[in-house]
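Source file input-v8.txt; content: compact mmCIF, C-alpha atoms and all ligand atoms.
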# COMPACT_ATOMS: atom_id res chain seq x y z
CA MET H 1 12.96 -3.44 -2.19
CA ALA H 2 14.13 -6.99 -2.77
CA ARG H 3 12.24 -9.41 -4.97
CA GLN H 4 8.85 -10.21 -3.47
CA VAL H 5 8.55 -13.66 -1.94
CA ARG H 6 5.10 -15.24 -2.29
CA VAL H 7 4.03 -17.04 0.87
CA PRO H 8 0.84 -19.10 0.46
CA PHE H 9 -1.21 -19.81 3.57
CA VAL H 10 -1.33 -23.55 2.97
CA ASP H 11 0.79 -25.61 0.61
CA LEU H 12 0.27 -29.35 0.80
CA GLY H 13 2.00 -29.92 -2.54
CA ALA H 14 5.58 -30.49 -1.43
CA ALA H 15 4.76 -33.11 1.21
CA HIS H 16 2.50 -35.02 -1.17
CA ARG H 17 5.04 -34.94 -3.98
CA ARG H 18 7.63 -36.48 -1.64
CA LEU H 19 5.22 -39.23 -0.54
CA ARG H 20 3.59 -39.79 -3.89
CA ALA H 21 5.26 -43.10 -4.82
CA GLU H 22 4.69 -44.60 -1.40
CA ILE H 23 1.06 -43.49 -1.33
CA ALA H 24 0.46 -44.80 -4.85
CA GLU H 25 1.80 -48.16 -3.70
CA VAL H 26 -0.48 -48.49 -0.66
CA VAL H 27 -3.52 -47.26 -2.59
CA GLY H 28 -2.64 -49.89 -5.20
CA ARG H 29 -2.64 -52.48 -2.45
CA VAL H 30 -6.18 -51.47 -1.42
CA ILE H 31 -7.33 -51.69 -5.05
CA GLU H 32 -5.85 -55.20 -5.30
CA SER H 33 -7.61 -56.26 -2.10
CA SER H 34 -11.02 -54.82 -3.11
CA ALA H 35 -11.55 -54.15 0.63
CA PHE H 36 -12.70 -50.55 0.37
CA ILE H 37 -14.76 -50.32 3.55
CA GLY H 38 -13.23 -51.70 6.74
CA GLY H 39 -10.65 -54.45 6.47
CA ALA H 40 -6.99 -54.66 7.38
CA GLU H 41 -5.92 -51.10 6.49
CA VAL H 42 -8.57 -49.57 8.74
CA ARG H 43 -7.83 -52.01 11.56
CA HIS H 44 -4.09 -51.36 11.38
CA PHE H 45 -4.50 -47.63 11.25
CA GLU H 46 -6.80 -47.74 14.27
CA GLU H 47 -4.20 -49.73 16.23
CA GLU H 48 -1.35 -47.48 15.17
CA PHE H 49 -3.18 -44.23 15.87
CA ALA H 50 -4.39 -45.43 19.29
CA ALA H 51 -0.81 -46.34 20.18
CA TYR H 52 0.41 -42.96 18.91
CA CYS H 53 -2.05 -41.11 21.15
CA GLY H 54 -1.40 -43.33 24.14
CA ALA H 55 -5.06 -44.43 24.08
CA GLN H 56 -6.39 -47.98 24.34
CA HIS H 57 -8.84 -47.77 21.45
CA CYS H 58 -9.33 -45.91 18.18
CA VAL H 59 -12.45 -46.07 16.03
CA GLY H 60 -12.09 -44.67 12.52
CA VAL H 61 -14.98 -42.58 11.24
CA ALA H 62 -15.84 -40.46 8.19
CA ASN H 63 -14.77 -37.00 9.47
CA GLY H 64 -14.05 -34.98 12.60
CA THR H 65 -17.59 -33.65 13.00
CA ASP H 66 -18.93 -37.22 13.09
CA ALA H 67 -16.13 -38.16 15.51
CA LEU H 68 -17.37 -35.56 18.02
CA THR H 69 -21.03 -36.36 17.40
CA LEU H 70 -20.50 -40.09 17.87
CA ALA H 71 -18.34 -39.45 20.95
CA LEU H 72 -21.22 -37.54 22.58
CA ARG H 73 -23.75 -40.15 21.50
CA ALA H 74 -21.63 -43.01 22.87
CA LEU H 75 -21.46 -41.15 26.19
CA GLY H 76 -25.26 -41.08 26.23
CA VAL H 77 -25.54 -37.31 25.76
CA SER H 78 -28.98 -36.53 24.35
CA ARG H 79 -31.93 -34.15 24.31
CA GLY H 80 -32.17 -31.94 27.37
CA ASP H 81 -28.52 -32.43 28.37
CA ILE H 82 -26.20 -29.48 28.75
CA VAL H 83 -22.73 -29.60 27.20
CA VAL H 84 -20.21 -26.91 28.12
CA THR H 85 -17.82 -25.64 25.47
CA VAL H 86 -16.23 -22.48 24.05
CA PRO H 87 -17.57 -20.03 21.45
CA PHE H 88 -14.06 -19.60 20.01
CA THR H 89 -13.60 -22.73 17.90
CA PHE H 90 -14.59 -24.14 14.52
CA ILE H 91 -18.37 -24.53 14.16
CA ALA H 92 -18.15 -28.36 14.18
CA THR H 93 -17.63 -28.44 17.96
CA VAL H 94 -21.08 -27.00 18.59
CA GLU H 95 -22.68 -28.79 15.62
CA ALA H 96 -21.87 -32.08 17.35
CA ILE H 97 -23.71 -30.92 20.49
CA ASP H 98 -26.65 -29.81 18.37
CA LEU H 99 -26.73 -33.06 16.37
CA VAL H 100 -27.28 -35.18 19.49
CA GLY H 101 -30.07 -32.83 20.57
CA ALA H 102 -28.19 -31.43 23.57
CA THR H 103 -27.83 -27.74 24.44
CA PRO H 104 -24.48 -25.96 24.28
CA LEU H 105 -23.55 -23.79 27.25
CA PHE H 106 -20.71 -21.50 26.23
CA VAL H 107 -18.00 -20.28 28.56
CA ASP H 108 -15.19 -17.88 27.72
CA ILE H 109 -11.61 -18.79 26.80
CA ALA H 110 -8.38 -18.02 28.61
CA ASP H 111 -6.57 -15.04 27.14
CA ALA H 112 -3.15 -16.72 27.42
CA ASP H 113 -3.72 -19.69 25.10
CA TYR H 114 -7.29 -19.40 23.68
CA THR H 115 -8.45 -22.68 25.28
CA ILE H 116 -11.38 -23.04 27.70
CA ASP H 117 -11.18 -20.89 30.86
CA VAL H 118 -11.05 -23.34 33.77
CA GLY H 119 -12.35 -20.77 36.27
CA ALA H 120 -15.36 -20.10 34.05
CA VAL H 121 -16.04 -23.83 33.80
CA GLU H 122 -15.95 -24.15 37.57
CA ARG H 123 -18.43 -21.27 38.00
CA VAL H 124 -20.85 -22.98 35.61
CA LEU H 125 -20.49 -26.41 37.23
CA ARG H 126 -21.36 -24.94 40.62
CA GLN H 127 -24.68 -23.67 39.25
CA ARG H 128 -25.83 -26.01 36.52
CA ARG H 129 -26.21 -29.72 36.00
CA VAL H 130 -23.85 -30.42 33.11
CA LYS H 131 -23.56 -33.75 31.31
CA ALA H 132 -20.34 -33.23 29.36
CA LEU H 133 -17.63 -30.76 28.57
CA ILE H 134 -15.86 -30.40 25.22
CA ALA H 135 -12.32 -29.05 25.62
CA VAL H 136 -10.94 -27.80 22.30
CA HIS H 137 -7.18 -28.02 21.83
CA LEU H 138 -7.23 -24.91 19.66
CA TYR H 139 -4.43 -24.12 17.19
CA GLY H 140 -2.69 -27.33 18.33
CA HIS H 141 -2.32 -26.07 21.90
CA PRO H 142 -3.81 -28.43 24.50
CA ALA H 143 -6.51 -27.17 26.85
CA ALA H 144 -5.62 -27.20 30.56
CA MET H 145 -6.49 -30.88 30.99
CA GLU H 146 -4.39 -31.09 34.16
CA GLU H 147 -6.99 -28.82 35.83
CA LEU H 148 -10.10 -29.75 33.84
CA LEU H 149 -9.93 -33.50 34.50
CA PRO H 150 -10.01 -33.33 38.33
CA LEU H 151 -12.63 -30.57 38.17
CA ALA H 152 -14.89 -32.60 35.86
CA ARG H 153 -14.44 -35.72 37.98
CA ARG H 154 -15.54 -33.79 41.08
CA TYR H 155 -18.80 -32.81 39.37
CA GLY H 156 -19.36 -36.09 37.50
CA VAL H 157 -19.04 -34.45 34.08
CA ALA H 158 -17.77 -36.42 31.07
CA VAL H 159 -14.80 -34.86 29.26
CA VAL H 160 -14.58 -34.89 25.46
CA GLU H 161 -11.41 -33.65 23.78
CA ASP H 162 -11.82 -31.87 20.46
CA ALA H 163 -8.38 -32.85 19.22
CA ALA H 164 -9.07 -32.04 15.55
CA GLN H 165 -6.22 -29.50 15.50
CA ALA H 166 -3.84 -31.18 17.90
CA HIS H 167 -2.59 -34.64 16.82
CA GLY H 168 0.50 -35.24 18.94
CA ALA H 169 0.20 -32.22 21.28
CA ARG H 170 1.23 -32.85 24.88
CA VAL H 171 0.27 -31.79 28.39
CA THR H 172 1.92 -32.53 31.70
CA ILE H 173 -0.38 -34.28 34.14
CA GLY H 174 1.21 -35.05 37.47
CA SER H 175 4.78 -35.81 36.45
CA ALA H 176 3.91 -37.38 33.08
CA SER H 177 3.92 -35.68 29.68
CA ARG H 178 0.97 -37.18 27.80
CA ARG H 179 -0.40 -36.84 24.31
CA VAL H 180 -3.92 -35.58 23.71
CA GLY H 181 -6.50 -38.17 22.72
CA GLY H 182 -6.20 -40.41 25.77
CA LEU H 183 -6.73 -37.79 28.47
CA GLY H 184 -10.47 -37.33 28.85
CA ASP H 185 -13.23 -39.92 28.49
CA VAL H 186 -13.16 -39.73 24.71
CA ALA H 187 -11.56 -37.63 21.96
CA GLY H 188 -12.52 -36.67 18.42
CA PHE H 189 -9.92 -36.20 15.68
CA SER H 190 -10.28 -34.86 12.15
CA PHE H 191 -7.99 -35.85 9.29
CA TYR H 192 -9.22 -33.12 6.96
CA PRO H 193 -6.36 -32.58 4.48
CA THR H 194 -4.98 -29.41 6.08
CA LYS H 195 -4.85 -30.78 9.65
CA ASN H 196 -1.48 -31.79 11.13
CA LEU H 197 -2.31 -35.37 10.11
CA GLY H 198 -4.42 -35.10 6.97
CA ALA H 199 -5.99 -37.67 4.68
CA MET H 200 -6.59 -37.22 0.94
CA GLY H 201 -10.24 -36.52 1.50
CA ASP H 202 -12.44 -36.53 4.59
CA ALA H 203 -11.62 -38.79 7.53
CA GLY H 204 -11.77 -38.80 11.32
CA ALA H 205 -11.32 -40.94 14.42
CA VAL H 206 -12.48 -41.30 17.99
CA THR H 207 -10.04 -42.43 20.68
CA THR H 208 -10.80 -43.63 24.20
CA ASN H 209 -9.46 -45.79 27.03
CA ASP H 210 -12.95 -47.12 27.76
CA GLU H 211 -13.60 -50.48 26.12
CA ALA H 212 -17.39 -50.33 26.47
CA LEU H 213 -17.40 -46.88 24.87
CA ALA H 214 -15.24 -48.15 22.00
CA SER H 215 -17.67 -51.01 21.38
CA ARG H 216 -20.61 -48.60 21.31
CA LEU H 217 -18.71 -46.38 18.87
CA ARG H 218 -18.10 -49.33 16.54
CA LEU H 219 -21.84 -50.01 16.51
CA LEU H 220 -22.86 -46.37 16.14
CA ARG H 221 -20.61 -45.69 13.13
CA ASP H 222 -21.97 -48.69 11.22
CA HIS H 223 -25.77 -48.70 11.34
CA GLY H 224 -25.75 -50.25 14.81
CA GLN H 225 -24.85 -53.59 13.22
CA SER H 226 -23.92 -56.17 15.84
CA ALA H 227 -24.06 -58.91 13.19
CA LYS H 228 -24.99 -58.76 9.51
CA TYR H 229 -28.46 -57.17 9.25
CA GLU H 230 -28.89 -57.23 13.02
CA HIS H 231 -29.23 -53.65 14.24
CA ALA H 232 -28.67 -53.39 17.97
CA CYS H 233 -29.27 -49.72 18.73
CA ARG H 234 -30.84 -46.50 17.55
CA GLY H 235 -28.85 -43.32 17.10
CA ALA H 236 -26.52 -45.10 14.72
CA MET H 237 -25.46 -43.81 11.31
CA ASN H 238 -23.09 -44.54 8.45
CA SER H 239 -19.77 -42.93 9.31
CA ARG H 240 -16.98 -45.30 8.38
CA LEU H 241 -13.36 -44.64 7.54
CA ASP H 242 -12.48 -45.63 3.96
CA ALA H 243 -9.68 -48.16 3.53
CA ILE H 244 -7.93 -45.90 0.99
CA GLN H 245 -7.87 -43.02 3.49
CA ALA H 246 -6.67 -45.37 6.25
CA ALA H 247 -3.83 -46.55 3.99
CA VAL H 248 -2.80 -42.95 3.23
CA LEU H 249 -3.01 -42.05 6.93
CA ARG H 250 -0.76 -44.99 7.88
CA VAL H 251 1.94 -43.67 5.55
CA LYS H 252 1.61 -40.14 6.87
CA LEU H 253 1.41 -41.10 10.55
CA ARG H 254 5.02 -42.25 10.33
CA HIS H 255 6.01 -38.66 9.51
CA LEU H 256 3.79 -36.88 12.01
CA ASP H 257 6.37 -36.45 14.76
CA ALA H 258 8.90 -35.01 12.32
CA TRP H 259 6.27 -32.66 10.84
CA ASN H 260 5.16 -31.51 14.29
CA ALA H 261 8.80 -30.91 15.27
CA ALA H 262 9.28 -28.86 12.08
CA ARG H 263 6.16 -26.83 12.94
CA ARG H 264 7.48 -26.18 16.44
CA ALA H 265 10.86 -25.13 15.06
CA ALA H 266 9.17 -22.75 12.59
CA ALA H 267 7.06 -21.32 15.44
CA ALA H 268 10.19 -20.72 17.52
CA ARG H 269 11.79 -19.00 14.52
CA TYR H 270 8.78 -16.70 14.10
CA GLY H 271 9.12 -15.88 17.80
CA GLU H 272 12.68 -14.70 17.22
CA LEU H 273 11.99 -12.90 13.95
CA LEU H 274 9.01 -11.03 15.42
CA GLY H 275 10.78 -10.05 18.66
CA GLU H 276 10.52 -6.32 18.05
CA VAL H 277 7.40 -6.24 15.90
CA ALA H 278 4.28 -4.77 17.52
CA VAL H 279 2.30 -8.01 17.64
CA ARG H 280 1.67 -10.60 20.33
CA VAL H 281 3.10 -14.01 19.48
CA PRO H 282 1.59 -17.27 20.82
CA ARG H 283 2.86 -18.65 24.11
CA GLU H 284 2.69 -22.17 25.50
CA ARG H 285 1.24 -22.80 28.94
CA ASP H 286 3.73 -24.34 31.42
CA GLY H 287 3.96 -28.07 30.78
CA ALA H 288 2.06 -27.84 27.48
CA GLU H 289 3.53 -28.60 24.07
CA SER H 290 1.65 -27.19 21.09
CA VAL H 291 1.84 -28.74 17.63
CA PHE H 292 1.08 -25.33 16.07
CA HIS H 293 -1.75 -26.29 13.77
CA GLN H 294 -2.04 -22.51 13.49
CA TYR H 295 0.44 -19.82 14.43
CA ALA H 296 -1.99 -17.10 15.48
CA ILE H 297 -0.56 -13.74 16.43
CA ARG H 298 -2.55 -10.87 17.96
CA VAL H 299 -2.49 -7.47 16.34
CA THR H 300 -4.62 -4.36 16.66
CA GLY H 301 -5.96 -3.10 13.34
CA ARG H 302 -5.96 -6.73 12.24
CA ASP H 303 -7.92 -6.35 8.99
CA ALA H 304 -5.71 -3.55 7.64
CA CYS H 305 -2.66 -5.52 8.67
CA ARG H 306 -3.97 -8.56 6.82
CA GLN H 307 -4.51 -6.49 3.68
CA GLY H 308 -1.00 -5.01 3.95
CA LEU H 309 0.49 -8.49 4.20
CA LEU H 310 -1.49 -9.66 1.19
CA GLU H 311 -0.12 -6.73 -0.84
CA ARG H 312 3.34 -7.99 0.11
CA GLY H 313 2.56 -11.54 -1.10
CA VAL H 314 1.79 -13.01 2.32
CA GLU H 315 -1.47 -14.94 2.70
CA THR H 316 -2.93 -15.26 6.19
CA GLY H 317 -5.95 -16.93 7.81
CA LEU H 318 -8.63 -15.93 10.34
CA HIS H 319 -9.41 -18.50 13.04
CA TYR H 320 -12.05 -17.38 13.86
CA PRO H 321 -13.43 -13.92 13.05
CA VAL H 322 -16.95 -14.34 14.54
CA PRO H 323 -17.50 -16.20 17.85
CA LEU H 324 -20.03 -18.99 17.51
CA HIS H 325 -22.67 -17.47 19.79
CA ARG H 326 -22.94 -14.55 17.34
CA GLN H 327 -23.26 -16.73 14.24
CA PRO H 328 -26.70 -16.47 12.60
CA ALA H 329 -27.32 -20.14 13.46
CA TRP H 330 -27.03 -19.41 17.20
CA ALA H 331 -28.54 -15.92 17.31
CA HIS H 332 -31.58 -17.36 19.15
CA LEU H 333 -29.38 -17.78 22.25
CA GLY H 334 -29.56 -14.01 22.53
CA LEU H 335 -25.91 -13.68 23.56
CA GLY H 336 -24.41 -10.41 22.40
CA ALA H 337 -20.95 -9.03 21.87
CA LYS H 338 -20.44 -8.52 25.60
CA ALA H 339 -21.12 -12.13 26.64
CA PHE H 340 -17.58 -13.47 26.26
CA PRO H 341 -15.13 -10.56 26.24
CA VAL H 342 -11.94 -12.63 25.88
CA ALA H 343 -13.28 -14.57 22.90
CA GLU H 344 -14.63 -11.34 21.42
CA THR H 345 -11.29 -9.52 21.55
CA ALA H 346 -9.47 -12.58 20.24
CA ALA H 347 -11.90 -12.82 17.30
CA ALA H 348 -11.13 -9.19 16.44
CA GLU H 349 -7.35 -9.44 16.75
CA VAL H 350 -6.10 -12.93 15.83
CA LEU H 351 -4.26 -13.46 12.58
CA SER H 352 -2.87 -16.82 11.52
CA LEU H 353 0.49 -16.59 9.74
CA PRO H 354 1.61 -19.15 7.15
CA LEU H 355 3.22 -22.08 8.94
CA SER H 356 3.78 -25.60 7.67
CA PRO H 357 6.47 -28.25 8.15
CA ASP H 358 7.88 -27.15 4.79
CA ILE H 359 7.99 -23.39 5.29
CA GLY H 360 11.45 -22.06 4.48
CA LEU H 361 13.62 -19.56 6.32
CA GLU H 362 13.43 -17.14 3.40
CA GLN H 363 9.62 -17.24 3.56
CA GLN H 364 9.52 -16.69 7.31
CA GLU H 365 11.97 -13.81 7.06
CA TRP H 366 9.81 -12.28 4.37
CA VAL H 367 6.67 -12.62 6.53
CA ALA H 368 8.48 -10.98 9.47
CA ARG H 369 9.74 -8.16 7.30
CA ALA H 370 6.30 -7.53 5.81
CA LEU H 371 4.75 -7.58 9.27
CA ARG H 372 7.31 -5.11 10.57
CA GLU H 373 6.31 -2.76 7.75
CA VAL H 374 2.58 -3.00 8.29
CA ALA H 375 2.37 -3.37 12.10
CA GLY H 376 5.44 -1.37 13.09
CA THR H 377 7.77 -2.03 16.01
CA ARG H 378 7.07 -1.75 19.72
C1 LIG H 401 -11.57 -29.41 11.59
C2 LIG H 401 -12.23 -29.33 12.90
C3 LIG H 401 -13.34 -30.12 13.24
C4 LIG H 401 -14.13 -30.94 12.24
O1 LIG H 401 -13.48 -31.75 11.41
P1 LIG H 401 -14.08 -32.18 9.98
O2 LIG H 401 -13.23 -33.37 9.66
O3 LIG H 401 -13.88 -31.05 9.06
O4 LIG H 401 -15.50 -32.57 10.16
C5 LIG H 401 -13.82 -30.06 14.53
N1 LIG H 401 -13.28 -29.25 15.44
C6 LIG H 401 -12.23 -28.45 15.16
C7 LIG H 401 -11.67 -27.58 16.23
C8 LIG H 401 -11.68 -28.45 13.88
O5 LIG H 401 -10.66 -27.64 13.60
Transcribe the structure of this file into structure tokens.
Amino acid sequence: MARQVRVPFVDLGAAHRRLRAEIAEVVGRVIESSAFIGGAEVRHFEEEFAAYCGAQHCVGVANGTDALTLALRALGVSRGDIVVTVPFTFIATVEAIDLVGATPLFVDIADADYTIDVGAVERVLRQRRVKALIAVHLYGHPAAMEELLPLARRYGVAVVEDAAQAHGARVTIGSASRRVGGLGDVAGFSFYPTKNLGAMGDAGAVTTNDEALASRLRLLRDHGQSAKYEHACRGAMNSRLDAIQAAVLRVKLRHLDAWNAARRAAAARYGELLGEVAVRVPRERDGAESVFHQYAIRVTGRDACRQGLLERGVETGLHYPVPLHRQPAWAHLGLGAKAFPVAETAAAEVLSLPLSPDIGLEQQEWVARALREVAGTR
């Protein structure tokens, strides 16, 4: 056997080494200004990120969980309200619902792309009074917004995008290809370091086309302050975006399209390399353009396969091994392993392969070769 190639699951080192001088310079500028909270860097980043998403407004916040929480709060979602979402996502989606005192109502995902099942949403909306819906653009693949938006409008349900994994992803609505973040009523983004656009610490943002909502978000993230020491509303908190993180994000935003294109190219290459291997590779829905935050394959005997890959130097990830309704925190809902069969099977079979803008051909070939050994061919 040839020399073993080590393929880490995430490697942020190369990108940061390339940008190090530029980042040091902008961080230096923030230090000179002494404007660490708010100020020009935050304002500029908000303008630039709103423009990038094709949204009218962006409000920088402390992290993606706060972004979703504040989005719900700004919409007026509160105790007693029902919010529809999926059990196959990162826990933060449902934490946000919980934090505003509302009740999550889970529906299953679509087998094809792991995003919310539109038919299941429609069945729920016919029976229950629902205040809002959180559509998660999982793995960088946009939810079926072209169907969800008209459906939600018909039932008077607010639409929140959980875009934490999908900066720059696109869907076709009518004849237009549009980026996520400006599609529903409001969207939450995370800039956790490993996301497609990552800060050097925690950071997040909310985007919207609704000016009144944007104003409420600006109050809610900053103690409800309408003027110094004048607190206009309850439900507010401290969730501001640091100027240093905003400065870093402005540098990185200029590279996001190139990084997403590199991720898409690497995903296409995996598709070719894994053509005969007995796994299911991700597919894009018609009109949708994923930014491949994760490249999650499906494989039976997933855990043994994962171990076999590790023995061959290939690290992988699990997103996510236990659906949220079966987490200890949500056991009181009484929903068992039969409640959401598509999510359940996905949780048992998904395996995220290493994929980053910097992954090399040699590494991808090694992953494919290792996978062929452990999973076999079809
Ligand atoms: C990362 C993530 C979040 C939360 O972001 P944080 O910045 O870590 O709070 C929310 N939803 C999804 C789907 C995520 O992947």
Which distance in Å separates CA of Ala166 in chain H and CA of Leu324 in chain H, to one decimal?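 Answer for the CA of Ala166 in chain H to CA of Leu324 in chain H separation: 20.3 Å.
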Given all atoms listed in the file as the counted atoms, nearest of H:Leu197, H:Val83, H:Ala337, H:Val186 to Ala258 in chain H: H:Leu197
Just want the 10 Å neighbourhood of Lys131 in chain H, counted on all atoms listed in the file, with same-chain residues fewer than 4 positions away dropped. Output as number ranges by chain. H: 72, 75-78, 80-84, 102, 125, 152, 155-159
Find the residues near ligand LIG 401 (chain H). Use a cut-off of 7 Å, count only C-alpha atoms and all ligand atoms, and write them as a VMD selection string. chain H and resid 63 to 66 89 to 90 92 to 93 136 138 162 to 165 190 to 192 202 to 204
Restricted to C-alpha atoms, what would the selected residues look like written as an mmCIF file, in the coordinates of the input?
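Writing the result to selection.cif gives the following:
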data_model
loop_
_atom_site.group_PDB
_atom_site.id
_atom_site.type_symbol
_atom_site.label_atom_id
_atom_site.label_comp_id
_atom_site.auth_asym_id
_atom_site.auth_seq_id
_atom_site.Cartn_x
_atom_site.Cartn_y
_atom_site.Cartn_z
ATOM 1 C CA ASN H 63 -14.770 -37.000 9.470
ATOM 2 C CA GLY H 64 -14.050 -34.980 12.600
ATOM 3 C CA THR H 65 -17.590 -33.650 13.000
ATOM 4 C CA ASP H 66 -18.930 -37.220 13.090
ATOM 5 C CA THR H 89 -13.600 -22.730 17.900
ATOM 6 C CA PHE H 90 -14.590 -24.140 14.520
ATOM 7 C CA ALA H 92 -18.150 -28.360 14.180
ATOM 8 C CA THR H 93 -17.630 -28.440 17.960
ATOM 9 C CA VAL H 136 -10.940 -27.800 22.300
ATOM 10 C CA LEU H 138 -7.230 -24.910 19.660
ATOM 11 C CA ASP H 162 -11.820 -31.870 20.460
ATOM 12 C CA ALA H 163 -8.380 -32.850 19.220
ATOM 13 C CA ALA H 164 -9.070 -32.040 15.550
ATOM 14 C CA GLN H 165 -6.220 -29.500 15.500
ATOM 15 C CA SER H 190 -10.280 -34.860 12.150
ATOM 16 C CA PHE H 191 -7.990 -35.850 9.290
ATOM 17 C CA TYR H 192 -9.220 -33.120 6.960
ATOM 18 C CA ASP H 202 -12.440 -36.530 4.590
ATOM 19 C CA ALA H 203 -11.620 -38.790 7.530
ATOM 20 C CA GLY H 204 -11.770 -38.800 11.320
#
For Val160 in chain H, list every protein, DNA or RNA residue within 12 Å, evaluated using only C-alpha atoms, and leave out those in the same chain fewer than 5 positions away; present the list as a PyMOL selection string. chain H and resi 67-75+77+83-85+93+96-97+131-137+143+145+148-149+152+180-189+206-208
Could those selected residues go to a file with C-alpha atoms, as a CSV table (one decimal), keeping the file's coordinate frame?
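Wrote out-v3.csv, looks like this:
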chain,number,residue,atom,x,y,z
H,67,ALA,CA,-16.1,-38.2,15.5
H,68,LEU,CA,-17.4,-35.6,18.0
H,69,THR,CA,-21.0,-36.4,17.4
H,70,LEU,CA,-20.5,-40.1,17.9
H,71,ALA,CA,-18.3,-39.4,21.0
H,72,LEU,CA,-21.2,-37.5,22.6
H,73,ARG,CA,-23.8,-40.2,21.5
H,74,ALA,CA,-21.6,-43.0,22.9
H,75,LEU,CA,-21.5,-41.2,26.2
H,77,VAL,CA,-25.5,-37.3,25.8
H,83,VAL,CA,-22.7,-29.6,27.2
H,84,VAL,CA,-20.2,-26.9,28.1
H,85,THR,CA,-17.8,-25.6,25.5
H,93,THR,CA,-17.6,-28.4,18.0
H,96,ALA,CA,-21.9,-32.1,17.4
H,97,ILE,CA,-23.7,-30.9,20.5
H,131,LYS,CA,-23.6,-33.8,31.3
H,132,ALA,CA,-20.3,-33.2,29.4
H,133,LEU,CA,-17.6,-30.8,28.6
H,134,ILE,CA,-15.9,-30.4,25.2
H,135,ALA,CA,-12.3,-29.0,25.6
H,136,VAL,CA,-10.9,-27.8,22.3
H,137,HIS,CA,-7.2,-28.0,21.8
H,143,ALA,CA,-6.5,-27.2,26.8
H,145,MET,CA,-6.5,-30.9,31.0
H,148,LEU,CA,-10.1,-29.8,33.8
H,149,LEU,CA,-9.9,-33.5,34.5
H,152,ALA,CA,-14.9,-32.6,35.9
H,180,VAL,CA,-3.9,-35.6,23.7
H,181,GLY,CA,-6.5,-38.2,22.7
H,182,GLY,CA,-6.2,-40.4,25.8
H,183,LEU,CA,-6.7,-37.8,28.5
H,184,GLY,CA,-10.5,-37.3,28.8
H,185,ASP,CA,-13.2,-39.9,28.5
H,186,VAL,CA,-13.2,-39.7,24.7
H,187,ALA,CA,-11.6,-37.6,22.0
H,188,GLY,CA,-12.5,-36.7,18.4
H,189,PHE,CA,-9.9,-36.2,15.7
H,206,VAL,CA,-12.5,-41.3,18.0
H,207,THR,CA,-10.0,-42.4,20.7
H,208,THR,CA,-10.8,-43.6,24.2
Can you list, as a ChimeraX atom specification, every protein, DNA or RNA residue that comes within 10 Å of Arg221 in chain H when you count only C-alpha atoms, leaving out same-chain residues fewer than 5 positions away? /H:59-62,66-67,70,216,235-241
Nearest-residue call for Gly301 in chain H, choices H:Ala348, H:Ile91, H:Leu335, H:Ala246, using only C-alpha atoms: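 Result for the nearest residue to Gly301 in chain H: H:Ala348.
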For a quick check of understanding, using all atoms listed in the file, which of H:Arg326, H:Ile359, H:Ile116, H:His293 has the smallest distance to Thr194 in chain H?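 Of H:Arg326, H:Ile359, H:Ile116, H:His293, the one nearest Thr194 in chain H, counting all atoms listed in the file, is H:His293.
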Between H:Tyr270, H:Ala247, H:Gln364, H:Gln225, which residue has the minimum interatomic distance to Arg43 in chain H, considering all atoms listed in the file?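 Checking each candidate against Arg43 in chain H, we get H:Ala247 as the closest.
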One-decimal distance in Å that lies between CA of Gly168 in chain H and CA of Phe106 in chain H: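 That distance, rounded to one decimal, is 26.3 Å.
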Would you mind reading off the distance between CA of Ala14 in chain H and CA of Asp358 in chain H, one decimal, in Å?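 Taking CA of Ala14 in chain H as the start and CA of Asp358 in chain H as the end point, the length is 7.4 Å.
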With distances taken over only C-alpha atoms, which of H:Arg312, H:Arg250, H:Arg128, H:Arg29 is nearest to Gly198 in chain H?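 Between H:Arg312, H:Arg250, H:Arg128, H:Arg29, the residue approaching Gly198 in chain H most closely is H:Arg250.
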